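First the structure, in the form of structure tokens, and then the observations on it.
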Amino acid sequence: MESTPNNPLLCDIETGVCEMPGLSTDTTTGTEIPASAPVKIIYFTDPICSSCWGIEPQLRRLKLEYGQYIEVEYCMGGLLPDWSYNSGGISKPSDVASHWDEVSLHYDMPIDGDVWLEDPLHSSYPPSIAFKAAQLQDTDKAVYFLRELREMLFLKKLNITKWENLAAAAAKVGLNTGQLESDFNEKANELFKEDLALAAQLGVRGFPTLFFVNAQGNQQKVYGTKPYAVYEGALLDQLPTAAKKEIDTKWDSLFSKYNSLTAREFAELSNTPRDEAEVQLRKLTAEGKLTELATKNGSMLTVVK
């Protein structure tokens with residue numbers, strides 16, 4: 001299935017971008033972004049963006065190796081307002097299902113596109129607003145919340161526009177669901193609008209888009225899902241003195257840092273060839289140390305507690 005500017009959910013596999021329809025390709029901007037850490041990363045993303053799911057291994061590694069130098073600010077981009085914008089071509093959610101299966105194979109990250117056949121989402125706005133509500137409570141838990149939403153959608157085929165699924169994800173990561181609902185209906189809507197306005201101001205036209213900004217205000221943009229070296233290079237361009245921290249690559253250490261890992265993530269973080277990583281994870285699962293959540297396009301592992 002070919003990508004088309006009529007539908008942002010049909011991401012361009014070659015560029016690694018889920019692109020918004022009808023926006024200018026000119027992303028040149030003179031907007032200044034204040035940096036509160038040696039390097040601030042403004043990450044424009046969306047809970048249902050498959051290319052953003054593809055960036056998870058690289059982003060997790062960047063946090064482990066250079067976490068002491070960076071602050072990642074998550075901004076919601078509004079990938080799918082609704083289905084009324086479409087002027088032709090892909091016209092309904094079910095058309096996305098097979099494309100997501102292709103994306104899963106390309107990024108080597110488990111995605112089950114059947115959610116678009118079984119319980120399709122009408123918009124990406126509800127989970128985006130819920131994320132902004134989560135940020136009001138705790139920025140760290142909000143990141144865990146976003147991860148949980150993506151696991152629900154991409155692996156468990158759950159419709160994350162439904163409040164019961166948003167509430168379940170919030171409860172799992174320790175957020176106050178009552179407060180989340182209150183903020184969801186009030187403050188978070190304005191914060192989401194602010195994210196959309198900032199994206200427009202900075203010329204963001206697709207996801208993932210990351211701006212690396214140093215203390216002097218210099219900024220560098222990385223557009224799309226790229227190999228790890230591209231993100232590391234952007235960081236070092238802004239802060240040449242940044243020293244890479246050695247990652248403890250033992251499986252139990254990695255799972256203590258990230259509760260859930262796909263095989264692709266484990267391979268990236270442990271610097272292990274992909275096939276060897278798969279063998280190691282299957283052995284740990286057989287020994288009862290890990291639990292596997294299997295999909296038709298790959299698995300996610302968690303530690304048995």
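All residue names refer to the structure tokens as shown: chains lettered A, B, ... in order, residues numbered from 1 in each chain, ligands numbered from 1 in order.
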ask   = Contacts of Asp112 of chain A at 9 Å or less, counting only C-alpha atoms, minus same-chain residues fewer than 4 places along, as a list in words?
value = Ala97, Trp100, Asp101, Ser104, Leu153, Phe154, Leu155, Lys156, Lys157, Thr295, Lys296, Asn297 and Gly298 of chain A
key: Long-range neighbours of Thr45 of chain A as a list in words, 10 Å cut-off, only C-alpha atoms, 6 positions minimum in chain   = Cys18, Ser51, Cys52, Trp53, Tyr74, Cys75, Met76, Gly77, Gly78, Leu79, Ser128, Gly206, Phe207, Pro208, Thr209 and Leu210 of chain A
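In this comparison, which uses only C-alpha atoms, the residue of A:Thr302, A:Ala130, A:Asp248, A:Ile48 approaching Gly113 of chain A most closely is A:Ile48.
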inquiry  = Let's see if you can do this: from backbone DSSP, list all strand (DSSP E or B) residues in segment 6-230 of chain A, as a ChimeraX atom specification.
reply    = /A:12,17-19,39-45,70-76,206-207,209-214,219-223
Find the residues around Val103 of chain A up to 12 Å (only C-alpha atoms counted), leave out those fewer than 2 positions away in its own chain, and share them as a PDB file with N, CA and C atoms, in the first residue's frame.
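Okay, selection-v8.pdb is ready:
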```pdb
ATOM      1  N   MET A   1       0.850  -1.190   0.000  1.00  0.00           N
ATOM      2  CA  MET A   1       0.000   0.000   0.000  1.00  0.00           C
ATOM      3  C   MET A   1       0.882   1.235   0.000  1.00  0.00           C
ATOM      4  N   GLU A   2       0.617   2.147  -0.921  1.00  0.00           N
ATOM      5  CA  GLU A   2       1.432   3.347  -1.034  1.00  0.00           C
ATOM      6  C   GLU A   2       0.960   4.411  -0.061  1.00  0.00           C
ATOM      7  N   SER A   3       1.903   5.230   0.400  1.00  0.00           N
ATOM      8  CA  SER A   3       1.515   6.331   1.260  1.00  0.00           C
ATOM      9  C   SER A   3       0.846   7.404   0.412  1.00  0.00           C
ATOM     10  N   LEU A   9      -2.246   8.476   8.502  1.00  0.00           N
ATOM     11  CA  LEU A   9      -1.970   7.180   9.113  1.00  0.00           C
ATOM     12  C   LEU A   9      -1.230   6.243   8.168  1.00  0.00           C
ATOM     13  N   LEU A  10      -1.139   6.621   6.895  1.00  0.00           N
ATOM     14  CA  LEU A  10      -0.333   5.858   5.958  1.00  0.00           C
ATOM     15  C   LEU A  10       1.049   6.487   5.909  1.00  0.00           C
ATOM     16  N   CYS A  11       1.916   6.034   6.801  1.00  0.00           N
ATOM     17  CA  CYS A  11       3.221   6.656   6.961  1.00  0.00           C
ATOM     18  C   CYS A  11       4.162   6.231   5.835  1.00  0.00           C
ATOM     19  N   ASP A  12       5.060   7.126   5.475  1.00  0.00           N
ATOM     20  CA  ASP A  12       6.054   6.848   4.456  1.00  0.00           C
ATOM     21  C   ASP A  12       7.170   6.024   5.086  1.00  0.00           C
ATOM     22  N   ILE A  13       7.249   4.765   4.699  1.00  0.00           N
ATOM     23  CA  ILE A  13       8.224   3.867   5.314  1.00  0.00           C
ATOM     24  C   ILE A  13       9.650   4.299   4.999  1.00  0.00           C
ATOM     25  N   GLU A  14       9.859   4.837   3.801  1.00  0.00           N
ATOM     26  CA  GLU A  14      11.217   5.217   3.405  1.00  0.00           C
ATOM     27  C   GLU A  14      11.743   6.389   4.226  1.00  0.00           C
ATOM     28  N   THR A  15      10.896   7.384   4.489  1.00  0.00           N
ATOM     29  CA  THR A  15      11.344   8.547   5.258  1.00  0.00           C
ATOM     30  C   THR A  15      11.095   8.384   6.748  1.00  0.00           C
ATOM     31  N   GLY A  16      10.259   7.409   7.130  1.00  0.00           N
ATOM     32  CA  GLY A  16       9.951   7.210   8.535  1.00  0.00           C
ATOM     33  C   GLY A  16       9.070   8.281   9.113  1.00  0.00           C
ATOM     34  N   VAL A  17       8.160   8.818   8.305  1.00  0.00           N
ATOM     35  CA  VAL A  17       7.339   9.945   8.733  1.00  0.00           C
ATOM     36  C   VAL A  17       5.859   9.652   8.532  1.00  0.00           C
ATOM     37  N   CYS A  18       5.050   9.993   9.535  1.00  0.00           N
ATOM     38  CA  CYS A  18       3.604  10.082   9.386  1.00  0.00           C
ATOM     39  C   CYS A  18       3.302  11.560   9.170  1.00  0.00           C
ATOM     40  N   CYS A  49       0.695   7.285  16.209  1.00  0.00           N
ATOM     41  CA  CYS A  49       1.639   7.363  15.093  1.00  0.00           C
ATOM     42  C   CYS A  49       2.525   6.123  15.077  1.00  0.00           C
ATOM     43  N   SER A  50       2.433   5.336  14.010  1.00  0.00           N
ATOM     44  CA  SER A  50       3.212   4.102  13.941  1.00  0.00           C
ATOM     45  C   SER A  50       4.703   4.372  13.779  1.00  0.00           C
ATOM     46  N   SER A  51       5.073   5.463  13.126  1.00  0.00           N
ATOM     47  CA  SER A  51       6.490   5.805  13.007  1.00  0.00           C
ATOM     48  C   SER A  51       7.075   6.235  14.351  1.00  0.00           C
ATOM     49  N   CYS A  52       6.236   6.813  15.210  1.00  0.00           N
ATOM     50  CA  CYS A  52       6.689   7.164  16.564  1.00  0.00           C
ATOM     51  C   CYS A  52       6.911   5.909  17.395  1.00  0.00           C
ATOM     52  N   TRP A  53       6.116   4.890  17.165  1.00  0.00           N
ATOM     53  CA  TRP A  53       6.358   3.595  17.812  1.00  0.00           C
ATOM     54  C   TRP A  53       7.691   3.035  17.317  1.00  0.00           C
ATOM     55  N   GLY A  54       7.999   3.285  16.063  1.00  0.00           N
ATOM     56  CA  GLY A  54       9.260   2.810  15.505  1.00  0.00           C
ATOM     57  C   GLY A  54      10.490   3.476  16.079  1.00  0.00           C
ATOM     58  N   VAL A  96      -6.363   1.210   6.704  1.00  0.00           N
ATOM     59  CA  VAL A  96      -5.066   1.387   7.357  1.00  0.00           C
ATOM     60  C   VAL A  96      -4.494   0.055   7.853  1.00  0.00           C
ATOM     61  N   ALA A  97      -5.348  -0.946   8.055  1.00  0.00           N
ATOM     62  CA  ALA A  97      -4.944  -2.178   8.734  1.00  0.00           C
ATOM     63  C   ALA A  97      -3.739  -2.851   8.094  1.00  0.00           C
ATOM     64  N   SER A  98      -3.777  -3.096   6.794  1.00  0.00           N
ATOM     65  CA  SER A  98      -2.670  -3.806   6.151  1.00  0.00           C
ATOM     66  C   SER A  98      -1.407  -2.952   6.121  1.00  0.00           C
ATOM     67  N   HIS A  99      -1.573  -1.638   6.041  1.00  0.00           N
ATOM     68  CA  HIS A  99      -0.403  -0.752   6.060  1.00  0.00           C
ATOM     69  C   HIS A  99       0.336  -0.859   7.387  1.00  0.00           C
ATOM     70  N   TRP A 100      -0.408  -0.910   8.476  1.00  0.00           N
ATOM     71  CA  TRP A 100       0.248  -1.031   9.780  1.00  0.00           C
ATOM     72  C   TRP A 100       1.016  -2.343   9.886  1.00  0.00           C
ATOM     73  N   ASP A 101       0.506  -3.393   9.280  1.00  0.00           N
ATOM     74  CA  ASP A 101       1.242  -4.657   9.272  1.00  0.00           C
ATOM     75  C   ASP A 101       2.565  -4.501   8.531  1.00  0.00           C
ATOM     76  N   LEU A 105       6.644  -4.700  10.141  1.00  0.00           N
ATOM     77  CA  LEU A 105       7.765  -5.478   9.608  1.00  0.00           C
ATOM     78  C   LEU A 105       8.959  -4.577   9.301  1.00  0.00           C
ATOM     79  N   HIS A 106       8.682  -3.385   8.790  1.00  0.00           N
ATOM     80  CA  HIS A 106       9.777  -2.481   8.428  1.00  0.00           C
ATOM     81  C   HIS A 106      10.544  -2.012   9.654  1.00  0.00           C
ATOM     82  N   TYR A 107       9.843  -1.611  10.709  1.00  0.00           N
ATOM     83  CA  TYR A 107      10.506  -1.112  11.907  1.00  0.00           C
ATOM     84  C   TYR A 107      10.907  -2.225  12.868  1.00  0.00           C
ATOM     85  N   ASP A 108      10.452  -3.441  12.586  1.00  0.00           N
ATOM     86  CA  ASP A 108      10.705  -4.566  13.489  1.00  0.00           C
ATOM     87  C   ASP A 108      10.179  -4.269  14.887  1.00  0.00           C
ATOM     88  N   MET A 109       9.012  -3.641  14.927  1.00  0.00           N
ATOM     89  CA  MET A 109       8.307  -3.368  16.179  1.00  0.00           C
ATOM     90  C   MET A 109       6.889  -3.927  16.041  1.00  0.00           C
ATOM     91  N   PRO A 110       6.424  -4.680  17.037  1.00  0.00           N
ATOM     92  CA  PRO A 110       5.121  -5.345  16.911  1.00  0.00           C
ATOM     93  C   PRO A 110       3.958  -4.362  16.815  1.00  0.00           C
ATOM     94  N   ILE A 111       3.207  -4.462  15.739  1.00  0.00           N
ATOM     95  CA  ILE A 111       1.992  -3.682  15.531  1.00  0.00           C
ATOM     96  C   ILE A 111       0.955  -4.598  14.904  1.00  0.00           C
ATOM     97  N   ASP A 112      -0.209  -4.665  15.494  1.00  0.00           N
ATOM     98  CA  ASP A 112      -1.301  -5.454  14.926  1.00  0.00           C
ATOM     99  C   ASP A 112      -2.333  -4.490  14.348  1.00  0.00           C
ATOM    100  N   GLY A 113      -2.358  -4.401  13.037  1.00  0.00           N
ATOM    101  CA  GLY A 113      -3.247  -3.458  12.376  1.00  0.00           C
ATOM    102  C   GLY A 113      -4.711  -3.813  12.433  1.00  0.00           C
ATOM    103  N   PHE A 154      -1.084  -0.766  19.809  1.00  0.00           N
ATOM    104  CA  PHE A 154      -0.316  -1.489  18.806  1.00  0.00           C
ATOM    105  C   PHE A 154      -0.243  -2.995  19.055  1.00  0.00           C
ATOM    106  N   THR A 225      11.701   8.735  11.534  1.00  0.00           N
ATOM    107  CA  THR A 225      12.349   7.649  12.271  1.00  0.00           C
ATOM    108  C   THR A 225      13.669   7.323  11.580  1.00  0.00           C
ATOM    109  N   ASN A 297       2.612  -9.992  14.669  1.00  0.00           N
ATOM    110  CA  ASN A 297       3.773  -9.310  14.095  1.00  0.00           C
ATOM    111  C   ASN A 297       4.882  -9.068  15.111  1.00  0.00           C
TER     112      ASN A 297
END
```
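Interatomic distance, atom CA of Val279 of chain A to atom CA of Thr249 of chain A: 15.5 Å.
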message = Just want the 12 Å neighbourhood of Phe211 of chain A, counted on only C-alpha atoms, with same-chain residues fewer than 3 positions away dropped. Output as a PyMOL selection string.
response = chain A and resi 27+29+31-35+39-45+70-75+199+202-204+207-208+214+217-224+231+234-235+238
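Between atom CA of Gln58 of chain A and atom CA of Tyr228 of chain A lies a distance of 5.1 Å.
The interatomic distance for the pair atom CA of Pro227 of chain A and atom CA of Val303 of chain A works out to 27.2 Å.
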ask   = Which residues, written as a PyMOL selection string, have at least one atom at most 12 Å from Leu284 of chain A, with only C-alpha atoms counted and residues fewer than 2 positions away on the same chain left out?
value = chain A and resi 251-252+255+277-282+286-292+301-304
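Taking only C-alpha atoms into account, Pro126 of chain A lies nearest to A:Leu80 out of the set A:Leu236, A:Met152, A:Ala169, A:Leu80.
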